[in-house]
$ cat protein.cif   # mmCIF, C-alpha atoms
data_protein
#
loop_
_atom_site.label_atom_id
_atom_site.label_comp_id
_atom_site.auth_asym_id
_atom_site.auth_seq_id
_atom_site.Cartn_x
_atom_site.Cartn_y
_atom_site.Cartn_z
CA MET A 717 90.91 25.34 -50.66
CA ARG A 718 91.61 22.00 -52.31
CA HIS A 719 95.20 21.12 -53.04
CA GLY A 720 96.08 20.26 -56.61
CA HIS A 721 98.54 17.79 -58.02
CA PRO A 722 102.08 18.42 -56.69
CA ARG A 723 104.24 20.27 -59.17
CA VAL A 724 108.00 20.11 -59.62
CA GLN A 725 109.62 23.29 -58.37
CA ARG A 726 111.80 24.89 -61.03
CA LEU A 727 115.33 25.86 -60.10
CA HIS A 728 116.77 29.30 -60.45
CA PRO A 729 118.46 29.69 -63.87
CA ARG A 730 121.87 29.94 -62.24
CA ARG A 731 121.22 26.94 -60.03
CA ALA A 732 119.84 24.93 -62.94
CA GLN A 733 123.11 25.14 -64.82
CA GLU A 734 124.99 23.14 -62.19
CA CYS A 735 123.44 21.50 -59.16
CA ASP A 736 125.15 20.90 -55.84
CA ARG A 737 127.31 17.86 -55.34
CA LEU A 738 125.60 14.82 -53.92
CA PRO A 739 127.35 13.61 -50.76
CA VAL A 740 128.46 9.98 -50.82
CA ARG A 741 129.80 7.95 -47.91
CA GLY A 742 131.82 4.79 -48.15
CA GLN A 743 132.49 3.24 -51.54
CA GLY A 744 129.58 4.79 -53.36
CA ARG A 745 127.01 2.69 -51.48
CA ASP A 746 124.70 5.67 -51.04
CA LEU A 747 124.47 6.08 -54.80
CA ASN A 748 124.05 2.33 -55.23
CA ILE A 749 125.53 2.30 -58.73
CA THR A 750 124.79 -0.82 -60.74
CA ARG A 751 125.56 -1.66 -64.34
CA VAL A 752 122.51 -2.90 -66.21
CA HIS A 753 124.38 -3.89 -69.35
CA ARG A 754 127.17 -2.59 -71.58
CA ARG A 755 125.65 0.83 -72.33
CA TRP A 756 123.44 1.70 -69.36
CA GLY A 757 123.69 1.88 -65.59
CA MET A 758 121.44 2.81 -62.66
CA VAL A 759 122.14 5.26 -59.85
CA SER A 760 120.14 6.35 -56.78
CA ILE A 761 119.88 10.14 -56.54
CA PRO A 762 118.62 11.66 -53.24
CA LYS A 763 115.00 12.90 -53.38
CA ILE A 764 114.66 11.55 -56.93
CA GLY A 765 115.18 7.80 -56.78
CA ARG A 766 116.63 5.36 -59.25
CA VAL A 767 117.75 7.00 -62.48
CA ARG A 768 119.22 5.41 -65.59
CA PHE A 769 122.38 6.93 -67.09
CA ARG A 770 124.60 6.20 -70.07
CA TRP A 771 127.68 4.19 -69.07
CA THR A 772 130.59 5.86 -70.89
CA LYS A 773 133.56 5.06 -68.60
CA ASP A 774 134.58 2.26 -66.29
CA LEU A 775 133.66 3.08 -62.69
CA PRO A 776 135.07 1.45 -59.53
CA VAL A 777 131.88 -0.23 -58.32
CA GLY A 778 131.31 -3.62 -56.74
CA LYS A 779 134.38 -5.84 -56.61
CA HIS A 780 136.39 -3.24 -58.53
CA ALA A 781 136.16 -0.72 -55.65
CA ASP A 782 138.60 -0.62 -52.73
CA THR A 783 140.11 1.91 -50.34
CA GLY A 784 142.39 3.45 -52.94
CA ASN A 785 139.93 3.36 -55.83
CA ARG A 786 136.38 4.40 -55.06
CA ILE A 787 133.62 6.87 -55.86
CA THR A 788 133.43 9.75 -53.39
CA GLY A 789 130.73 11.95 -54.90
CA ALA A 790 128.63 12.94 -57.87
CA ARG A 791 127.46 16.11 -59.54
CA LEU A 792 124.46 16.83 -61.74
CA VAL A 793 124.99 19.18 -64.67
CA LYS A 794 122.39 20.56 -67.06
CA ASP A 795 123.07 21.99 -70.48
CA ALA A 796 121.12 22.44 -73.69
CA LEU A 797 121.33 18.71 -74.45
CA GLY A 798 119.82 17.63 -71.13
CA TRP A 799 120.94 16.42 -67.70
CA HIS A 800 124.30 14.73 -67.12
CA ILE A 801 125.91 13.13 -64.09
CA ALA A 802 129.62 13.30 -63.34
CA PHE A 803 131.15 10.99 -60.74
CA ARG A 804 134.09 12.02 -58.59
CA VAL A 805 136.53 9.13 -58.29
CA GLN A 806 139.37 8.88 -55.78
CA THR A 807 142.29 6.82 -57.03
CA PHE A 808 145.99 6.53 -56.33
CA GLU A 809 148.34 6.87 -59.28
CA ALA A 810 152.02 6.11 -59.25
CA THR A 811 154.44 8.95 -59.93
CA PRO A 812 155.16 8.86 -63.67
CA GLN A 813 158.65 8.36 -64.97
CA PRO A 814 160.30 11.45 -66.55
CA HIS A 815 159.32 11.72 -70.19
CA THR A 816 162.36 11.48 -72.46
CA GLY A 817 160.57 12.69 -75.57
CA PRO A 818 161.67 15.64 -77.73
CA GLU A 819 161.00 19.32 -77.14
CA VAL A 820 158.33 21.17 -79.11
CA GLY A 821 157.08 24.72 -79.35
CA ILE A 822 153.37 25.30 -79.98
CA ASP A 823 151.74 28.40 -81.40
CA ALA A 824 147.96 28.73 -81.12
CA GLY A 825 146.38 30.35 -84.16
CA VAL A 826 143.11 30.90 -85.96
CA ASN A 827 143.76 29.52 -89.43
CA LEU A 828 145.99 26.76 -88.02
CA PRO A 829 144.73 25.78 -84.54
CA LEU A 830 148.03 24.34 -83.23
CA ALA A 831 151.26 24.90 -85.13
CA LEU A 832 154.19 22.77 -83.89
CA SER A 833 157.82 23.72 -84.30
CA ASP A 834 158.71 20.35 -85.89
CA GLY A 835 156.05 20.73 -88.59
CA ASN A 836 153.63 18.18 -87.09
CA HIS A 837 150.76 20.67 -87.14
CA GLN A 838 147.40 19.78 -85.59
CA ASP A 839 144.37 20.83 -87.64
CA HIS A 840 140.74 19.87 -87.22
CA ASP A 841 140.10 19.84 -91.00
CA ARG A 842 137.65 22.72 -90.80
CA PRO A 843 138.40 26.05 -92.47
CA ALA A 844 138.68 28.96 -90.05
CA ARG A 845 137.48 31.37 -92.74
CA LEU A 846 135.09 31.02 -95.64
CA ALA A 847 135.76 31.70 -99.32
CA ASP A 848 134.75 35.36 -98.98
CA GLY A 849 137.24 35.89 -96.14
CA THR A 850 134.72 36.06 -93.30
CA ALA A 851 135.09 34.01 -90.15
CA ASP A 852 133.17 30.77 -89.88
CA ARG A 853 131.11 31.01 -86.72
CA ASP A 854 130.03 27.36 -86.73
CA LYS A 855 132.99 25.45 -88.13
CA CYS A 856 132.34 22.50 -85.81
CA LEU A 857 128.97 21.85 -87.45
CA ARG A 858 128.31 19.96 -90.66
CA PRO A 859 126.89 21.80 -93.71
CA GLN A 860 123.38 20.43 -93.08
CA GLU A 861 123.56 21.52 -89.45
CA LYS A 862 124.78 24.98 -90.44
CA ALA A 863 121.85 25.37 -92.82
CA LYS A 864 119.47 24.26 -90.08
CA LEU A 865 121.02 26.71 -87.61
CA LEU A 866 120.72 29.56 -90.09
CA GLY A 867 117.05 28.73 -90.66
CA LEU A 868 116.38 28.63 -86.92
CA GLU A 869 118.07 31.99 -86.36
CA ARG A 870 115.98 33.56 -89.13
CA ARG A 871 112.80 32.04 -87.71
CA ALA A 872 113.65 33.36 -84.24
CA ALA A 873 114.29 36.85 -85.63
CA GLN A 874 110.94 36.84 -87.47
CA ARG A 875 108.96 35.71 -84.45
CA LYS A 876 110.76 38.18 -82.23
CA GLN A 877 109.60 41.05 -84.47
CA HIS A 878 105.95 40.28 -83.68
CA ARG A 879 106.54 40.42 -79.93
CA ASN A 880 105.70 43.69 -78.27
CA ARG A 881 108.02 45.36 -75.81
CA GLY A 882 107.71 43.77 -72.36
CA GLU A 883 105.61 40.89 -73.67
CA LYS A 884 106.38 37.39 -72.46
CA THR A 885 108.29 35.13 -74.84
CA SER A 886 105.96 32.70 -76.59
CA ARG A 887 106.29 28.96 -76.33
CA ARG A 888 107.15 28.62 -80.01
CA LEU A 889 109.95 31.16 -79.75
CA ARG A 890 111.36 29.40 -76.68
CA HIS A 891 111.28 26.13 -78.59
CA VAL A 892 113.33 27.72 -81.41
CA TYR A 893 115.81 29.07 -78.88
CA ASP A 894 116.17 25.59 -77.37
CA GLN A 895 116.94 24.11 -80.78
CA ILE A 896 119.61 26.76 -81.37
CA LYS A 897 121.17 26.02 -77.97
CA GLN A 898 121.26 22.31 -78.78
CA LEU A 899 123.20 22.89 -81.99
CA ARG A 900 125.61 25.23 -80.20
CA ALA A 901 126.13 22.67 -77.45
CA LYS A 902 126.81 19.97 -80.04
CA ALA A 903 129.47 22.16 -81.67
CA THR A 904 131.08 22.79 -78.27
CA ARG A 905 131.17 19.07 -77.55
CA ARG A 906 132.95 18.36 -80.81
CA ALA A 907 135.49 21.10 -80.17
CA VAL A 908 136.24 19.82 -76.66
CA ASP A 909 136.53 16.26 -77.96
CA TRP A 910 139.09 17.37 -80.55
CA GLN A 911 141.04 19.26 -77.90
CA HIS A 912 141.14 16.27 -75.56
CA LYS A 913 142.38 13.88 -78.25
CA THR A 914 144.93 16.33 -79.64
CA THR A 915 146.42 17.37 -76.29
CA ALA A 916 146.61 13.73 -75.17
CA SER A 917 148.53 12.85 -78.32
CA ILE A 918 150.94 15.76 -77.82
CA ALA A 919 151.55 14.90 -74.15
CA LYS A 920 152.25 11.30 -75.08
CA GLN A 921 154.69 12.17 -77.88
CA TYR A 922 156.69 15.11 -76.46
CA GLY A 923 158.51 15.43 -73.16
CA THR A 924 158.77 19.24 -73.06
CA VAL A 925 155.99 21.47 -74.39
CA VAL A 926 156.51 25.23 -74.73
CA VAL A 927 153.62 27.68 -75.28
CA GLU A 928 153.13 31.44 -75.19
CA GLN A 929 151.99 33.40 -72.17
CA LEU A 930 148.90 34.96 -73.76
CA SER A 931 146.51 37.47 -72.25
CA ILE A 932 143.42 36.21 -74.05
CA LYS A 933 141.10 38.55 -72.17
CA ASN A 934 142.89 41.57 -73.60
CA MET A 935 143.13 40.04 -77.07
CA VAL A 936 139.35 39.67 -77.46
CA LYS A 937 138.45 43.18 -76.30
CA SER A 938 136.10 45.10 -78.54
CA ALA A 939 137.43 47.77 -80.91
CA LYS A 940 134.30 49.93 -80.94
CA GLY A 941 135.91 52.71 -78.92
CA THR A 942 133.88 55.67 -77.70
CA ILE A 943 131.72 58.33 -79.29
CA GLU A 944 134.55 60.85 -79.12
CA GLU A 945 137.14 58.37 -80.41
CA PRO A 946 135.40 55.63 -82.44
CA GLY A 947 137.35 52.53 -83.31
CA ARG A 948 138.49 51.41 -86.75
CA ASN A 949 137.96 48.06 -88.48
CA VAL A 950 135.36 47.14 -85.87
CA ALA A 951 133.73 44.41 -87.97
CA GLN A 952 137.06 42.74 -88.77
CA LYS A 953 138.12 42.85 -85.12
CA SER A 954 134.77 41.39 -84.08
CA GLY A 955 135.23 38.45 -86.45
CA LEU A 956 138.76 37.87 -85.15
CA ASN A 957 137.55 37.94 -81.54
CA ARG A 958 134.88 35.38 -82.40
CA SER A 959 137.44 33.08 -84.03
CA ILE A 960 139.77 33.34 -81.02
CA SER A 961 136.93 32.52 -78.64
CA GLN A 962 135.93 29.51 -80.71
CA GLU A 963 139.43 28.08 -80.63
CA ALA A 964 139.47 28.27 -76.79
CA TRP A 965 143.25 28.64 -76.43
CA GLY A 966 143.08 28.83 -72.65
CA ARG A 967 141.28 25.50 -72.42
CA THR A 968 143.89 23.90 -74.68
CA VAL A 969 146.73 25.11 -72.43
CA THR A 970 144.89 23.85 -69.35
CA MET A 971 144.56 20.39 -70.88
CA LEU A 972 148.19 20.37 -71.91
CA THR A 973 149.26 21.34 -68.40
CA TYR A 974 147.77 18.40 -66.55
CA LYS A 975 148.21 15.87 -69.35
CA THR A 976 151.92 16.54 -69.74
CA ALA A 977 152.35 16.25 -65.97
CA ARG A 978 150.42 12.98 -65.97
CA ALA A 979 152.69 11.62 -68.73
CA GLY A 980 155.87 12.71 -66.94
CA GLY A 981 156.55 15.73 -69.16
CA THR A 982 156.72 19.46 -68.44
CA LEU A 983 155.02 22.52 -69.85
CA HIS A 984 156.72 25.93 -69.99
CA LYS A 985 155.55 29.38 -71.02
CA VAL A 986 157.60 32.06 -72.76
CA PRO A 987 156.88 35.77 -73.43
CA ALA A 988 154.58 36.27 -76.41
CA PRO A 989 155.68 39.68 -77.83
CA GLY A 990 157.59 39.45 -81.10
CA THR A 991 157.23 35.73 -81.78
CA SER A 992 155.02 36.24 -84.85
CA ARG A 993 157.08 39.10 -86.38
CA ARG A 994 160.60 37.72 -85.82
CA CYS A 995 162.17 35.45 -88.43
CA SER A 996 162.98 32.03 -87.01
CA ALA A 997 165.88 31.54 -89.46
CA CYS A 998 167.93 34.74 -89.04
CA GLY A 999 166.43 36.01 -85.77
CA LEU A 1000 165.77 39.55 -87.10
CA THR A 1001 162.50 41.48 -87.04
CA THR A 1002 162.11 43.17 -90.41
CA PRO A 1003 159.02 45.32 -91.11
CA GLY A 1004 156.68 43.84 -93.70
CA SER A 1005 157.75 40.22 -93.24
CA ARG A 1006 154.30 39.17 -92.07
CA LYS A 1007 152.46 39.40 -95.38
CA ASP A 1008 149.08 38.13 -94.16
CA GLN A 1009 147.53 35.90 -91.53
CA ALA A 1010 149.11 32.71 -92.85
CA THR A 1011 152.26 33.74 -94.77
CA PHE A 1012 155.64 34.90 -93.49
CA VAL A 1013 158.39 36.04 -95.89
CA CYS A 1014 161.53 37.47 -94.31
CA LYS A 1015 162.44 40.83 -95.86
CA ASN A 1016 166.05 40.57 -94.72
CA PRO A 1017 168.17 40.56 -97.93
CA ASP A 1018 170.58 38.05 -96.41
CA CYS A 1019 167.83 35.61 -95.38
CA GLY A 1020 164.62 35.47 -97.47
CA TRP A 1021 163.13 32.56 -95.50
CA SER A 1022 159.45 31.93 -96.20
CA GLY A 1023 156.87 29.64 -94.67
CA ASN A 1024 153.71 29.45 -92.64
CA ALA A 1025 153.43 32.34 -90.18
CA ASP A 1026 152.21 30.14 -87.32
CA TRP A 1027 155.02 27.64 -87.91
CA ASN A 1028 157.52 30.50 -87.79
CA ALA A 1029 156.06 31.62 -84.45
CA ALA A 1030 156.24 28.06 -83.06
CA ARG A 1031 159.94 27.85 -83.94
CA ASN A 1032 160.56 31.18 -82.20
CA ILE A 1033 158.72 29.94 -79.11
CA LEU A 1034 160.94 26.88 -78.84
CA HIS A 1035 164.04 29.02 -79.44
CA LEU A 1036 163.09 31.34 -76.55
CA TYR A 1037 162.83 28.37 -74.21
CA ARG A 1038 166.20 27.00 -75.27
CA MET A 1039 167.74 30.43 -74.69
CA GLY A 1040 166.46 30.42 -71.11
CA HIS A 1041 163.55 32.87 -71.46
CA ALA A 1042 160.94 30.63 -69.84
CA LEU A 1043 158.72 32.49 -67.40
CA ILE A 1044 159.05 31.57 -63.73
CA PRO A 1045 155.86 31.93 -61.63
CA ALA A 1046 156.20 34.59 -58.97
CA ALA A 1047 156.32 33.15 -55.46
CA GLY A 1048 153.61 34.63 -53.26
CA ARG A 1049 152.32 34.01 -49.77
CA ALA A 1050 149.47 31.57 -49.46
CA VAL A 1051 146.23 33.13 -48.29
CA VAL A 1052 145.03 31.41 -45.13
CA ARG A 1053 141.33 31.72 -44.37
CA ARG A 1054 140.76 31.95 -40.64
CA PRO A 1055 137.51 30.81 -38.96
CA ARG A 1056 134.92 33.42 -38.17
CA GLY A 1057 135.51 35.09 -34.82
CA VAL A 1058 139.21 34.21 -34.58
CA LYS A 1059 141.65 37.09 -34.37
CA PRO A 1060 144.41 37.38 -37.00
CA ALA A 1061 147.18 36.94 -34.40
CA THR A 1062 145.58 33.73 -33.13
CA ALA A 1063 145.12 32.42 -36.68
CA ARG A 1064 148.82 32.91 -37.45
#
$ encode --input "protein.cif" --output "structure tokens"
Amino acid sequence: MRHGHPRVQRLHPRRAQECDRLPVRGQGRDLNITRVHRRWGMVSIPKIGRVRFRWTKDLPVGKHADTGNRITGARLVKDALGWHIAFRVQTFEATPQPHTGPEVGIDAGVNLPLALSDGNHQDHDRPARLADGTADRDKCLRPQEKAKLLGLERRAAQRKQHRNRGEKTSRRLRHVYDQIKQLRAKATRRAVDWQHKTTASIAKQYGTVVVEQLSIKNMVKSAKGTIEEPGRNVAQKSGLNRSISQEAWGRTVTMLTYKTARAGGTLHKVPAPGTSRRCSACGLTTPGSRKDQATFVCKNPDCGWSGNADWNAARNILHLYRMGHALIPAAGRAVVRRPRGVKPATAR
């Protein structure tokens, strides 16, 4: 039998999302990274050859590389927008000086992404909800891109109706799915870019950052319930869960954690219960004070303070930290992995 033209072997879907790291020895000589001009560079990838990539950050190559500042590895990543390469750089940074900036409490919300206790709120200028009160699923996209995404979703639904059960997905339908993934990936990129810039600005300005200890996994659970006990307000809860997932509160806290440490500041977490229902002026929790998602009016006759609900929660968060209610991580034993075949007593 005659052999045909060699074909590229496709990766498993899970393996195609993120390839293995490429081993590099020395100062990145195996990758042989060279800068062609201001925007493009060339890199040698094993079993592939020389590949051109977009130069977006300064890399320690050539005369800029030394023992304490060098490239130690690379990683290929594939998403809906194509293939990307990420370089792992080893560098030595001096211990930062303690940040002497002010303290700030931050409340993560839906209508107001990041509410700060001093009133310097961080908003991405995109409404969390539309005029009819429904959640905006694609608030990181422009109006033209939203219209295009809606048209693609309708086209995919129409073509999916003509596909029989168990039939293979057509090439046209896969092409529509790819276009939808590209728009979703573009929205994710914009959201991550906003988070990076915002958290870097906060870490540079404030010395102590206080956030809530949130259990996001429990907050976005479905409210459908069971057949015996069906849930209530399922559609509203679904829209809220979608808005919480879009804001990516956990990713924001992760960025704040390492960026405040890099700037010499500290990040603390306080218990979350009661911060959104307690008045930050009088300190009392009066039923009915939280009028809606964005408005807080204290029902205490001796107080009557009113303002943004997220701002009120941010002030309570900072007050809890100043009162000494910051959570202390529980100290646990480190898990030591012993080599295969070694007895536990010998490993200890």
$ residues_near_point --input "protein.cif" --point "(124.3, 10.5, -59.7)" --cutoff "8 Å" --atoms "all atoms listed in the file" --output "list in words"
Leu738, Leu747, Val759, Ser760, Ile761, Val767, Ala790, Arg791, Leu792, Ile801, Ala802 and Phe803 of chain A
$ residues_around --input "protein.cif" --residues "Gly981 in chain A" --least-positions-apart "5" --cutoff "8 Å" --atoms "all atoms listed in the file" --output "list in words"
Pro814, His815, Thr816, Ala919, Tyr922, Gly923, Thr924, Val925 and Thr976 of chain A
$ closest_residue --input "protein.cif" --among "A:Arg905, A:Arg1031, A:Lys920, A:Arg853" --to "Asn957 in chain A" --atoms "only C-alpha atoms"
A:Arg853
$ resolve_selection --input "protein.cif" --expression "the PyMOL selection byres ((chain A and resi 1008) around 12)" --output "list of chain:residue names"
A:Asn827, A:Ser992, A:Arg993, A:Gly1004, A:Ser1005, A:Arg1006, A:Lys1007, A:Gln1009, A:Ala1010, A:Thr1011, A:Phe1012, A:Val1013, A:Gly1023, A:Asn1024, A:Ala1025, A:Asp1026
$ residues_around --input "protein.cif" --residues "range 804-810 of chain A" --least-positions-apart "6" --cutoff "7 Å" --atoms "all atoms listed in the file" --output "list in words"
Gly784, Asn785, Arg786, Ile787, Thr788, Gly789 and Ala790 of chain A
$ atom_distance --input "protein.cif" --atom1 "CA of Ile896 in chain A" --atom2 "CA of Ser959 in chain A"
19.1 Å
$ residues_around --input "protein.cif" --residues "Cys1019 in chain A" --least-positions-apart "2" --cutoff "9 Å" --atoms "all atoms listed in the file" --output "MDAnalysis selection string"
chainID A and resid 995 997:998 1014:1017 1021
$ write_last_selection --input "protein.cif" --atoms "C-alpha atoms" --output "compact mmCIF listing (two decimals), in the coordinates of the input"
# COMPACT_ATOMS: atom_id res chain seq x y z
CA CYS A 995 162.17 35.45 -88.43
CA ALA A 997 165.88 31.54 -89.46
CA CYS A 998 167.93 34.74 -89.04
CA CYS A 1014 161.53 37.47 -94.31
CA LYS A 1015 162.44 40.83 -95.86
CA ASN A 1016 166.05 40.57 -94.72
CA PRO A 1017 168.17 40.56 -97.93
CA TRP A 1021 163.13 32.56 -95.50
$ residues_around --input "protein.cif" --residues "range 771-780 of chain A" --least-positions-apart "6" --cutoff "6 Å" --atoms "only C-alpha atoms" --output "list of chain:residue names"
A:Arg755, A:Trp756, A:Gly757, A:Arg786
$ closest_residue --input "protein.cif" --among "A:Ile918, A:Ser1022, A:Arg958, A:Arg766" --to "Lys937 in chain A" --atoms "only C-alpha atoms"
A:Arg958
$ resolve_selection --input "protein.cif" --expression "the PyMOL selection byres ((chain A and resi 831) around 6)" --output "list of chain:residue names"
A:Ile822, A:Asp823, A:Leu830, A:Leu832, A:His837, A:Asp1026, A:Trp1027
$ atom_distance --input "protein.cif" --atom1 "CA of Arg770 in chain A" --atom2 "CA of His840 in chain A"
27.2 Å
